[in-house]
>>> print(open('query29.txt').read())   # compact mmCIF, C-alpha atoms (C1' of nucleotides)
# COMPACT_ATOMS: atom_id res chain seq x y z
CA MET A 1280 161.72 -4.46 -163.91
CA ALA A 1281 165.47 -4.47 -163.68
CA ARG A 1282 167.80 -1.92 -165.18
CA TYR A 1283 168.53 -2.10 -168.89
CA GLN A 1284 172.01 -2.93 -170.14
CA VAL A 1285 172.11 0.20 -172.24
CA GLY A 1286 171.47 2.33 -169.17
CA ILE A 1287 174.27 0.66 -167.25
CA GLN A 1288 176.64 1.32 -170.13
CA THR A 1289 175.60 4.95 -170.31
CA GLU A 1290 176.25 5.30 -166.62
CA ALA A 1291 179.73 3.86 -167.09
CA LYS A 1292 180.41 6.23 -169.98
CA ILE A 1293 179.40 9.22 -167.87
CA ILE A 1294 181.56 8.12 -164.95
CA GLU A 1295 184.56 7.56 -167.18
CA ALA A 1296 184.09 10.91 -168.92
CA THR A 1297 183.88 12.66 -165.55
CA ARG A 1298 186.96 10.86 -164.28
CA ALA A 1299 188.97 11.84 -167.33
CA LEU A 1300 187.87 15.46 -167.21
CA LEU A 1301 188.61 15.80 -163.51
CA ALA A 1302 192.00 14.17 -163.91
CA GLU A 1303 192.90 16.46 -166.80
CA GLY A 1304 191.59 19.80 -165.71
CA GLY A 1305 190.10 19.53 -162.26
CA MET A 1306 186.78 20.82 -161.11
CA GLU A 1307 186.64 23.62 -163.65
CA ALA A 1308 186.90 21.27 -166.60
CA ALA A 1309 184.08 19.06 -165.39
CA THR A 1310 181.07 21.09 -166.46
CA LEU A 1311 177.86 19.28 -167.24
CA LYS A 1312 178.24 20.10 -170.91
CA ALA A 1313 181.81 18.81 -171.01
CA ILE A 1314 180.83 15.60 -169.28
CA CYS A 1315 177.91 14.99 -171.62
CA ASP A 1316 179.90 15.84 -174.74
CA ARG A 1317 182.71 13.50 -173.73
CA ALA A 1318 180.33 10.70 -172.82
CA GLU A 1319 178.37 11.30 -176.04
CA VAL A 1320 175.17 11.61 -174.12
CA ARG A 1321 172.56 14.35 -173.77
CA SER A 1322 171.84 16.03 -170.47
CA GLY A 1323 168.48 14.33 -170.16
CA SER A 1324 170.23 10.97 -170.00
CA PHE A 1325 172.61 12.30 -167.40
CA TYR A 1326 169.76 13.32 -165.13
CA ASN A 1327 167.99 10.06 -165.73
CA LEU A 1328 170.93 8.34 -164.08
CA PHE A 1329 172.28 10.86 -161.56
CA ASP A 1330 170.50 13.29 -159.30
CA SER A 1331 173.13 15.97 -159.73
CA LYS A 1332 176.57 16.70 -161.06
CA GLU A 1333 177.92 16.52 -157.52
CA ASP A 1334 176.80 12.89 -157.32
CA VAL A 1335 178.96 11.66 -160.13
CA ILE A 1336 181.95 13.71 -158.98
CA ILE A 1337 181.77 12.24 -155.50
CA HIS A 1338 181.50 8.79 -157.03
CA VAL A 1339 184.64 9.35 -159.09
CA VAL A 1340 186.71 10.81 -156.28
CA ARG A 1341 185.75 8.00 -153.93
CA GLU A 1342 186.70 5.37 -156.51
CA SER A 1343 190.11 6.95 -157.00
CA ILE A 1344 190.83 6.93 -153.31
CA ASP A 1345 189.76 3.33 -152.94
CA ALA A 1346 191.99 2.39 -155.85
CA VAL A 1347 195.13 3.08 -153.81
CA ASP A 1348 193.97 1.56 -150.54
CA PRO A 1349 196.75 -0.69 -149.24
CA ASP A 1350 194.28 -2.87 -147.33
CA PRO A 1351 190.94 -2.73 -149.10
CA ASP A 1352 189.55 -5.63 -147.10
CA HIS A 1353 190.41 -3.97 -143.79
CA ALA A 1354 192.19 -7.03 -142.56
CA GLY A 1355 194.31 -4.81 -140.34
CA THR A 1356 197.56 -5.82 -141.97
CA ASP A 1357 198.69 -2.44 -143.26
CA THR A 1358 201.66 -0.67 -141.71
CA VAL A 1359 202.08 3.06 -141.24
CA ASN A 1360 204.51 2.88 -144.09
CA ASP A 1361 201.92 1.29 -146.37
CA LEU A 1362 199.44 3.98 -145.49
CA VAL A 1363 201.91 6.78 -146.09
CA SER A 1364 202.87 5.25 -149.41
CA ALA A 1365 199.26 4.92 -150.45
CA TYR A 1366 198.72 8.55 -149.59
CA ILE A 1367 201.71 9.63 -151.63
CA ARG A 1368 200.56 7.50 -154.52
CA PHE A 1369 197.12 9.06 -154.60
CA PHE A 1370 198.56 12.55 -154.83
CA GLU A 1371 201.20 11.67 -157.36
CA GLU A 1372 198.97 9.64 -159.64
CA GLU A 1373 195.90 11.84 -159.50
CA PRO A 1374 196.97 15.35 -158.59
CA GLN A 1375 193.89 16.97 -160.08
CA LEU A 1376 191.57 14.58 -158.30
CA ALA A 1377 193.40 15.24 -155.07
CA LYS A 1378 192.76 18.94 -155.53
CA VAL A 1379 189.08 18.30 -156.19
CA TYR A 1380 188.98 16.32 -152.98
CA VAL A 1381 190.53 19.16 -151.02
CA MET A 1382 188.42 21.86 -152.68
CA ALA A 1383 185.22 20.03 -151.87
CA ALA A 1384 186.05 20.24 -148.20
CA LEU A 1385 186.75 23.95 -148.37
CA THR A 1386 183.90 25.23 -150.52
CA GLY A 1387 180.50 26.02 -149.17
CA ASP A 1388 179.77 27.49 -145.79
CA SER A 1389 176.54 25.91 -144.69
CA PRO A 1390 176.85 23.56 -141.75
CA THR A 1391 174.93 21.02 -143.81
CA ASN A 1392 177.60 20.98 -146.49
CA GLY A 1393 177.49 17.36 -147.56
CA ALA A 1394 180.90 17.33 -149.14
CA ARG A 1395 182.58 18.60 -146.01
CA ARG A 1396 180.82 16.12 -143.77
CA ARG A 1397 181.81 13.28 -146.05
CA PHE A 1398 185.38 14.51 -146.16
CA LEU A 1399 185.52 14.70 -142.39
CA ARG A 1400 184.14 11.20 -141.97
CA HIS A 1401 186.70 9.88 -144.43
CA HIS A 1402 189.45 11.72 -142.62
CA LEU A 1403 188.43 10.28 -139.27
CA ARG A 1404 188.40 6.76 -140.67
CA ARG A 1405 191.86 7.35 -142.02
CA VAL A 1406 193.09 8.67 -138.68
CA GLU A 1407 191.79 5.50 -137.09
CA ARG A 1408 193.64 3.30 -139.54
CA PHE A 1409 196.87 5.21 -139.06
CA ALA A 1410 196.44 5.04 -135.29
CA ASP A 1411 195.76 1.29 -135.42
CA ALA A 1412 198.84 0.70 -137.52
CA MET A 1413 200.90 2.76 -135.10
CA ALA A 1414 199.57 0.86 -132.11
CA ARG A 1415 200.31 -2.48 -133.81
CA ALA A 1416 203.90 -1.41 -134.40
CA ASP A 1417 204.48 -0.10 -130.90
CA GLN A 1418 202.76 -1.81 -127.98
CA ALA A 1419 203.72 1.04 -125.65
CA LEU A 1420 201.40 3.39 -127.47
CA ASP A 1421 197.95 3.76 -125.95
CA ALA A 1422 194.85 4.63 -127.93
CA GLU A 1423 194.85 8.32 -127.17
CA LYS A 1424 198.52 8.84 -127.95
CA SER A 1425 198.36 6.96 -131.21
CA GLU A 1426 195.36 8.97 -132.31
CA ILE A 1427 197.16 12.23 -131.60
CA GLN A 1428 200.17 10.97 -133.49
CA ALA A 1429 197.98 9.91 -136.38
CA GLU A 1430 196.32 13.34 -136.57
CA LEU A 1431 199.72 14.98 -136.58
CA LEU A 1432 201.08 12.78 -139.32
CA LEU A 1433 198.01 13.11 -141.51
CA GLY A 1434 198.02 16.85 -140.95
CA ALA A 1435 201.61 17.03 -142.09
CA LEU A 1436 200.90 14.87 -145.13
CA ASP A 1437 197.91 17.00 -146.11
CA GLY A 1438 199.95 20.15 -145.77
CA LEU A 1439 202.87 18.79 -147.78
CA ALA A 1440 200.49 17.57 -150.46
CA PHE A 1441 199.05 21.01 -150.65
CA ARG A 1442 202.55 22.44 -150.90
CA TRP A 1443 203.15 20.13 -153.81
CA ALA A 1444 199.92 21.19 -155.50
CA LEU A 1445 201.32 24.70 -155.50
CA ASP A 1446 204.52 23.69 -157.18
CA SER A 1447 205.02 20.30 -158.73
CA ASP A 1448 208.81 20.61 -158.38
CA PHE A 1449 208.43 20.14 -154.65
CA ASP A 1450 209.71 16.74 -153.63
CA PHE A 1451 206.57 15.56 -151.91
CA ALA A 1452 207.55 11.95 -151.36
CA THR A 1453 210.83 12.76 -149.63
CA TYR A 1454 209.26 15.31 -147.33
CA ALA A 1455 206.37 12.98 -146.57
CA GLU A 1456 208.79 10.29 -145.47
CA LEU A 1457 210.77 12.77 -143.42
CA ALA A 1458 207.61 13.89 -141.67
CA SER A 1459 206.71 10.28 -141.00
CA ASP A 1460 210.14 9.64 -139.46
CA LYS A 1461 209.95 12.68 -137.22
CA LEU A 1462 206.35 12.39 -136.14
CA VAL A 1463 206.06 8.68 -135.49
CA GLN A 1464 207.70 7.48 -132.29
CA VAL A 1465 208.98 4.18 -133.59
CA PRO A 1466 210.34 5.00 -137.02
CA ALA A 1467 207.70 3.99 -139.54
CA ARG A 1468 210.28 3.00 -142.09
CA SER A 1469 212.61 0.11 -141.49
CA SER A 1470 214.91 1.91 -143.85
CA ASP A 1471 218.48 2.91 -144.55
CA MET B 1386 195.29 65.91 -161.91
CA ALA B 1387 195.56 64.05 -158.67
CA ARG B 1388 192.99 61.66 -157.27
CA TYR B 1389 189.91 63.07 -155.59
CA GLN B 1390 189.16 62.44 -151.94
CA VAL B 1391 185.80 60.97 -152.82
CA GLY B 1392 187.46 58.38 -155.02
CA ILE B 1393 189.83 57.36 -152.28
CA GLN B 1394 186.91 56.98 -149.89
CA THR B 1395 185.00 54.88 -152.39
CA GLU B 1396 188.02 52.63 -152.74
CA ALA B 1397 188.14 52.22 -148.97
CA LYS B 1398 184.43 51.43 -148.82
CA ILE B 1399 184.81 48.75 -151.48
CA ILE B 1400 187.79 47.19 -149.72
CA GLU B 1401 185.99 47.17 -146.39
CA ALA B 1402 182.84 45.68 -147.91
CA THR B 1403 184.89 42.96 -149.57
CA ARG B 1404 186.76 42.22 -146.35
CA ALA B 1405 183.53 41.91 -144.39
CA LEU B 1406 181.89 39.67 -146.97
CA LEU B 1407 184.91 37.39 -147.25
CA ALA B 1408 185.20 37.14 -143.48
CA GLU B 1409 181.53 36.30 -143.11
CA GLY B 1410 180.88 33.94 -145.97
CA GLY B 1411 184.08 33.30 -147.86
CA MET B 1412 184.55 33.43 -151.57
CA GLU B 1413 180.98 32.55 -152.39
CA ALA B 1414 179.58 35.52 -150.51
CA ALA B 1415 181.84 37.99 -152.25
CA THR B 1416 180.04 38.42 -155.55
CA LEU B 1417 180.40 41.70 -157.39
CA LYS B 1418 176.79 42.55 -156.66
CA ALA B 1419 177.19 41.85 -152.95
CA ILE B 1420 180.34 43.93 -152.74
CA CYS B 1421 178.74 46.88 -154.56
CA ASP B 1422 175.54 46.70 -152.54
CA ARG B 1423 177.43 46.63 -149.26
CA ALA B 1424 179.72 49.45 -150.30
CA GLU B 1425 176.73 51.43 -151.61
CA VAL B 1426 178.36 51.87 -154.95
CA ARG B 1427 177.41 50.92 -158.50
CA SER B 1428 179.46 48.46 -160.53
CA GLY B 1429 180.79 51.21 -162.81
CA SER B 1430 182.50 52.85 -159.85
CA PHE B 1431 183.99 49.53 -158.87
CA TYR B 1432 185.58 49.11 -162.27
CA ASN B 1433 186.75 52.69 -162.26
CA LEU B 1434 188.93 51.78 -159.28
CA PHE B 1435 189.78 48.10 -159.74
CA ASP B 1436 190.60 46.12 -162.84
CA SER B 1437 188.78 43.04 -161.64
CA LYS B 1438 187.12 41.45 -158.67
CA GLU B 1439 190.20 39.33 -158.16
CA ASP B 1440 192.24 42.49 -157.57
CA VAL B 1441 190.32 43.62 -154.56
CA ILE B 1442 190.16 40.13 -153.08
CA ILE B 1443 193.92 39.73 -153.31
CA HIS B 1444 194.31 43.12 -151.69
CA VAL B 1445 192.10 42.12 -148.78
CA VAL B 1446 193.71 38.75 -148.19
CA ARG B 1447 197.19 40.25 -148.26
CA GLU B 1448 196.20 42.93 -145.76
CA SER B 1449 194.81 40.33 -143.36
CA ILE B 1450 197.98 38.30 -143.45
CA ASP B 1451 200.15 41.34 -142.88
CA ALA B 1452 197.96 42.31 -139.93
CA VAL B 1453 199.20 39.35 -137.88
CA ASP B 1454 202.86 39.59 -138.88
CA PRO B 1455 204.96 39.35 -135.69
CA ASP B 1456 207.79 41.32 -137.30
CA PRO B 1457 206.30 43.61 -139.93
CA ASP B 1458 209.54 45.59 -140.33
CA HIS B 1459 211.54 42.42 -140.99
CA ALA B 1460 214.05 43.32 -138.35
CA GLY B 1461 214.84 39.64 -137.91
CA THR B 1462 213.77 39.55 -134.29
CA ASP B 1463 210.95 37.03 -134.55
CA THR B 1464 211.30 33.57 -133.07
CA VAL B 1465 209.86 30.35 -134.46
CA ASN B 1466 207.37 30.56 -131.65
CA ASP B 1467 206.27 34.05 -132.73
CA LEU B 1468 205.81 32.86 -136.27
CA VAL B 1469 203.82 29.81 -135.26
CA SER B 1470 201.62 31.97 -133.02
CA ALA B 1471 201.03 34.44 -135.83
CA TYR B 1472 200.05 31.60 -138.09
CA ILE B 1473 197.61 30.23 -135.54
CA ARG B 1474 196.18 33.69 -135.00
CA PHE B 1475 195.50 34.23 -138.69
CA PHE B 1476 193.54 31.02 -138.93
CA GLU B 1477 191.64 31.50 -135.71
CA GLU B 1478 190.77 35.14 -136.28
CA GLU B 1479 189.98 34.94 -139.98
CA PRO B 1480 189.01 31.39 -140.82
CA GLN B 1481 187.06 32.34 -143.91
CA LEU B 1482 189.89 34.48 -145.25
CA ALA B 1483 192.29 31.65 -144.60
CA LYS B 1484 190.09 29.39 -146.71
CA VAL B 1485 189.99 31.95 -149.50
CA TYR B 1486 193.76 32.03 -149.38
CA VAL B 1487 193.99 28.27 -149.69
CA MET B 1488 191.33 28.02 -152.38
CA ALA B 1489 193.08 30.60 -154.53
CA ALA B 1490 196.10 28.38 -154.66
CA LEU B 1491 194.09 25.35 -155.67
CA THR B 1492 191.74 26.78 -158.27
CA GLY B 1493 192.65 27.26 -161.88
CA ASP B 1494 194.82 24.99 -163.91
CA SER B 1495 196.71 27.25 -166.28
CA PRO B 1496 200.43 27.48 -165.57
CA THR B 1497 200.07 31.26 -165.67
CA ASN B 1498 197.65 31.21 -162.77
CA GLY B 1499 198.47 34.46 -161.02
CA ALA B 1500 196.94 33.51 -157.71
CA ARG B 1501 198.97 30.34 -157.44
CA ARG B 1502 202.23 32.06 -158.33
CA ARG B 1503 201.56 34.73 -155.72
CA PHE B 1504 200.72 32.11 -153.15
CA LEU B 1505 203.90 30.21 -153.86
CA ARG B 1506 206.03 33.34 -153.57
CA HIS B 1507 204.41 34.16 -150.28
CA HIS B 1508 204.96 30.65 -149.03
CA LEU B 1509 208.63 30.74 -149.97
CA ARG B 1510 209.11 34.02 -148.14
CA ARG B 1511 207.51 32.47 -145.11
CA VAL B 1512 209.72 29.40 -145.32
CA GLU B 1513 212.73 31.70 -145.38
CA ARG B 1514 211.59 33.57 -142.28
CA PHE B 1515 210.93 30.31 -140.41
CA ALA B 1516 214.30 28.98 -141.50
CA ASP B 1517 216.06 32.18 -140.40
CA ALA B 1518 214.38 32.07 -137.01
CA MET B 1519 215.40 28.42 -136.64
CA ALA B 1520 218.99 29.17 -137.58
CA ARG B 1521 219.11 32.05 -135.11
CA ALA B 1522 217.92 29.75 -132.32
CA ASP B 1523 220.30 26.93 -133.13
CA GLN B 1524 223.76 27.72 -134.47
CA ALA B 1525 224.35 24.11 -135.38
CA LEU B 1526 221.70 24.30 -138.06
CA ASP B 1527 223.02 25.02 -141.55
CA ALA B 1528 220.98 26.79 -144.22
CA GLU B 1529 219.84 23.67 -146.02
CA LYS B 1530 218.75 21.84 -142.91
CA SER B 1531 216.85 24.77 -141.52
CA GLU B 1532 215.02 25.22 -144.81
CA ILE B 1533 213.98 21.59 -144.83
CA GLN B 1534 212.83 21.89 -141.24
CA ALA B 1535 210.90 25.05 -142.09
CA GLU B 1536 209.14 23.39 -145.01
CA LEU B 1537 208.19 20.49 -142.78
CA LEU B 1538 206.81 22.70 -140.04
CA LEU B 1539 204.88 24.92 -142.42
CA GLY B 1540 203.54 21.86 -144.20
CA ALA B 1541 202.30 20.48 -140.91
CA LEU B 1542 200.74 23.81 -139.93
CA ASP B 1543 198.97 24.12 -143.29
CA GLY B 1544 197.64 20.61 -142.98
CA LEU B 1545 196.42 21.07 -139.42
CA ALA B 1546 194.80 24.36 -140.38
CA PHE B 1547 193.01 22.55 -143.16
CA ARG B 1548 191.94 19.90 -140.69
CA TRP B 1549 190.51 22.63 -138.53
CA ALA B 1550 188.66 24.16 -141.47
CA LEU B 1551 186.91 20.82 -141.82
CA ASP B 1552 185.78 20.77 -138.24
CA SER B 1553 186.06 23.76 -135.97
CA ASP B 1554 186.04 21.53 -132.88
CA PHE B 1555 189.55 20.40 -133.78
CA ASP B 1556 192.05 21.87 -131.35
CA PHE B 1557 194.25 23.52 -133.91
CA ALA B 1558 196.45 25.53 -131.55
CA THR B 1559 197.42 22.53 -129.41
CA TYR B 1560 198.25 20.36 -132.39
CA ALA B 1561 200.18 23.19 -134.02
CA GLU B 1562 202.36 23.54 -130.95
CA LEU B 1563 202.83 19.78 -130.77
CA ALA B 1564 203.96 19.72 -134.38
CA SER B 1565 206.33 22.56 -133.69
CA ASP B 1566 207.83 20.67 -130.75
CA LYS B 1567 208.31 17.49 -132.72
CA LEU B 1568 209.57 18.99 -135.95
CA VAL B 1569 211.95 21.64 -134.68
CA GLN B 1570 215.24 20.28 -133.42
CA VAL B 1571 215.68 22.69 -130.52
CA PRO B 1572 212.20 22.92 -129.01
CA ALA B 1573 210.60 26.10 -130.28
CA ARG B 1574 208.81 26.60 -127.00
CA SER B 1575 210.82 27.21 -123.85
CA SER B 1576 208.02 25.44 -122.05
CA ASP B 1577 207.29 22.62 -119.65
C1' DC C 1265 154.45 -9.65 -180.22
C1' DC C 1266 152.92 -6.77 -176.68
C1' DA C 1267 152.96 -3.56 -173.16
C1' DA C 1268 155.25 -1.73 -169.39
C1' DA C 1269 159.32 0.14 -167.89
C1' DC C 1270 163.35 2.22 -169.02
C1' DT C 1271 166.15 5.40 -171.71
C1' DT C 1272 167.12 9.21 -174.80
C1' DG C 1273 167.30 13.60 -177.38
C1' DG C 1274 167.73 18.28 -177.23
C1' DA C 1275 165.45 22.47 -177.04
C1' DG C 1276 164.35 25.29 -173.33
C1' DT C 1277 164.27 27.49 -168.46
C1' DG C 1278 165.89 30.15 -164.97
C1' DT C 1279 169.45 32.18 -162.76
C1' DA C 1280 173.71 34.03 -161.83
C1' DT C 1281 177.90 35.86 -163.04
C1' DA C 1282 181.66 39.47 -164.16
C1' DC C 1283 182.19 43.25 -166.69
C1' DT C 1284 181.32 47.60 -170.13
C1' DC C 1285 180.19 52.13 -171.71
C1' DA C 1286 178.54 56.66 -172.68
C1' DA C 1287 176.36 60.15 -170.60
C1' DA C 1288 175.61 62.81 -166.36
C1' DT C 1289 177.53 64.63 -162.29
C1' DT C 1290 180.83 66.18 -159.02
C1' DG C 1291 185.40 67.76 -157.07
C1' DT C 1292 189.42 70.58 -157.47
C1' DG C 1293 192.96 73.97 -158.63
C1' DT C 1294 193.20 78.37 -160.42
C1' DA D 672 183.23 81.08 -161.55
C1' DC D 673 185.39 78.30 -164.80
C1' DA D 674 187.50 74.45 -167.10
C1' DC D 675 188.32 70.01 -167.05
C1' DA D 676 189.60 65.77 -165.09
C1' DA D 677 187.93 62.42 -161.86
C1' DT D 678 184.11 60.01 -160.59
C1' DT D 679 179.51 57.96 -160.67
C1' DT D 680 175.62 55.96 -162.59
C1' DG D 681 172.79 52.06 -164.05
C1' DA D 682 171.02 49.96 -167.78
C1' DG D 683 172.94 46.76 -170.73
C1' DT D 684 176.04 42.85 -172.70
C1' DA D 685 177.79 38.54 -173.00
C1' DT D 686 178.25 34.30 -171.19
C1' DA D 687 178.00 30.31 -168.52
C1' DC D 688 175.90 27.20 -165.74
C1' DA D 689 173.03 23.33 -163.68
C1' DC D 690 168.98 21.45 -164.39
C1' DT D 691 163.92 20.24 -166.49
C1' DC D 692 160.56 18.33 -169.40
C1' DC D 693 158.30 15.16 -172.17
C1' DA D 694 157.52 13.16 -176.55
C1' DA D 695 159.68 9.62 -179.08
C1' DG D 696 162.36 5.65 -179.11
C1' DT D 697 164.29 1.22 -177.21
C1' DT D 698 164.74 -2.87 -174.30
C1' DT D 699 162.94 -6.46 -171.80
C1' DG D 700 160.19 -10.33 -169.73
C1' DG D 701 156.35 -12.95 -170.44
>>> encode(input="query29.txt", output="structure tokens")
Amino acid sequence: MARYQVGIQTEAKIIEATRALLAEGGMEAATLKAICDRAEVRSGSFYNLFDSKEDVIIHVVRESIDAVDPDPDHAGTDTVNDLVSAYIRFFEEEPQLAKVYVMAALTGDSPTNGARRRFLRHHLRRVERFADAMARADQALDAEKSEIQAELLLGALDGLAFRWALDSDFDFATYAELASDKLVQVPARSSD
Amino acid sequence: MARYQVGIQTEAKIIEATRALLAEGGMEAATLKAICDRAEVRSGSFYNLFDSKEDVIIHVVRESIDAVDPDPDHAGTDTVNDLVSAYIRFFEEEPQLAKVYVMAALTGDSPTNGARRRFLRHHLRRVERFADAMARADQALDAEKSEIQAELLLGALDGLAFRWALDSDFDFATYAELASDKLVQVPARSSD
DNA sequence: CCAAACTTGGAGTGTATACTCAAATTGTGT
DNA sequence: ACACAATTTGAGTATACACTCCAAGTTTGG
């Protein structure tokens, strides 16, 4: 038999409650109790639908990242500028979620840490997209060089985002654009 | 009356146990029980010497950072290169401690989060030292410009270090030097 | 309208955590 | 050797957490 409507709705309520809690107070606010209270659901229902708390958190974080993707269909039409902007947008719109994302990669020490592996895979995909966009904009750039450049730029963006997490007065967007200008051979912005 | 020798030794044992645990397994390994067991001390003794677990962890992290300071007396003789090398050394020698340092800045949401405020202060001091070293190397650089450049470089270093925490195969040192070359007006390295 | 499959409530389990406190013991200066 | 402060002990407190279980209820297709 197929899934029941009521179950699908409950799942949606749980996801939305988790999203709201993470966005408001980060990882610490998203306890199982808080999620269930907010979703108006008992823990038994939660575990009927999800295998663990981690599951729903991963789901929420992934959705948020996808929401700002400049080229969700992967048509290969995004520029470095688009990608940098999308990155900035994610951090500015969902600072708490961004922190959750970063924390997940840092916590845990086991080599089988699922969150870290997922994070790394996502990072590598992102590097590839940045590198592709760089290569499209500058024919002189070979694959290896554009990948190095992409790692450098993403590294800088991650670091500046972290800096901004420390102190929300930090002008993340301006620094991110500056980094992009300095680190990308052909200026990424057709600006000024 | 003054402190007893035995108390001072106990304090040292606790600090060393905490340092070892953090270096081996990060934040998660450094539970109160683990610290006390390793130091061969009961929890009452711990709380006779420290106000909280956080206290001793902060102490340990601070010590580790100071240990790689290229200019501990602040004589103003360190070059950008020295500072970058010290940064690389901290992350390569104490990866787990570096993660603890980063996590502390990200956890907690209250505006009165002590760890985050401390982290920010430390970061700003570091920016100043980088900026000073940059200004010393290049007279044409005014205070504002060198500070911006320092924030950019430190941002990139933080991000690359994070990248390396994700995947220890990442060649952090090489990328860090590349970032330094690209982001500092007068090449920081008198190389090649 | 039935029965199978799905969903739910919610008390309960197990575990781990940081931290406390009063009494016992030990170190130190005199 | 004495007084007394510093230190240690270790059982105990309070709390929080993710997760389980299963009987009772609900939805659905036929």
>>> atom_distance(input="query29.txt", atom1="CA of Phe1369 (chain A)", atom2="CA of Asp1348 (chain A)")
9.1 Å
>>> interface_residues(input="query29.txt", of="chain A", to="chain D", cutoff="12 Å", atoms="only C-alpha atoms (C1' of nucleotides)", output="ChimeraX atom specification")
/A:1280-1286,1307,1309-1313,1322-1327,1329-1333
>>> closest_atom_pairs(input="query29.txt", of="chain C", to="chain A", cutoff="7 Å", atoms="all atoms listed in the file", output="JSON lines")
{"residue": "C:DA1269", "atom": "C1'", "partner": "A:Met1280", "partner_atom": "CA", "distance": 6.5}
{"residue": "C:DC1270", "atom": "C1'", "partner": "A:Tyr1283", "partner_atom": "CA", "distance": 6.7}
{"residue": "C:DT1271", "atom": "C1'", "partner": "A:Gly1286", "partner_atom": "CA", "distance": 6.6}
{"residue": "C:DT1272", "atom": "C1'", "partner": "A:Ser1324", "partner_atom": "CA", "distance": 6.0}
{"residue": "C:DG1273", "atom": "C1'", "partner": "A:Arg1321", "partner_atom": "CA", "distance": 6.4}
>>> residues_around(input="query29.txt", residues="Phe1557 (chain B)", least_positions_apart="6", cutoff="7 Å", atoms="only C-alpha atoms (C1' of nucleotides)", output="JSON, numbers by chain")
{"B": [1545, 1546, 1549]}
>>> write_last_selection(input="query29.txt", atoms="C-alpha atoms", output="mmCIF file, in the coordinates of the input")
data_model
loop_
_atom_site.group_PDB
_atom_site.id
_atom_site.type_symbol
_atom_site.label_atom_id
_atom_site.label_comp_id
_atom_site.auth_asym_id
_atom_site.auth_seq_id
_atom_site.Cartn_x
_atom_site.Cartn_y
_atom_site.Cartn_z
ATOM 1 C CA LEU B 1545 196.420 21.070 -139.420
ATOM 2 C CA ALA B 1546 194.800 24.360 -140.380
ATOM 3 C CA TRP B 1549 190.510 22.630 -138.530
#
>>> residues_around(input="query29.txt", residues="Ala1516 (chain B)", least_positions_apart="5", cutoff="9 Å", atoms="only C-alpha atoms (C1' of nucleotides)", output="PyMOL selection string")
chain B and resi 1465+1511+1521+1528-1536
>>> atom_distance(input="query29.txt", atom1="CA of Phe1449 (chain A)", atom2="CA of Ser1364 (chain A)")
16.7 Å
>>> closest_residue(input="query29.txt", among="A:Asp1361, A:Glu1319, A:Glu1342, A:Asp1411", to="Tyr1380 (chain A)", atoms="only C-alpha atoms")
A:Glu1342
>>> atom_distance(input="query29.txt", atom1="CA of Leu1362 (chain A)", atom2="CA of Arg1400 (chain A)")
17.3 Å
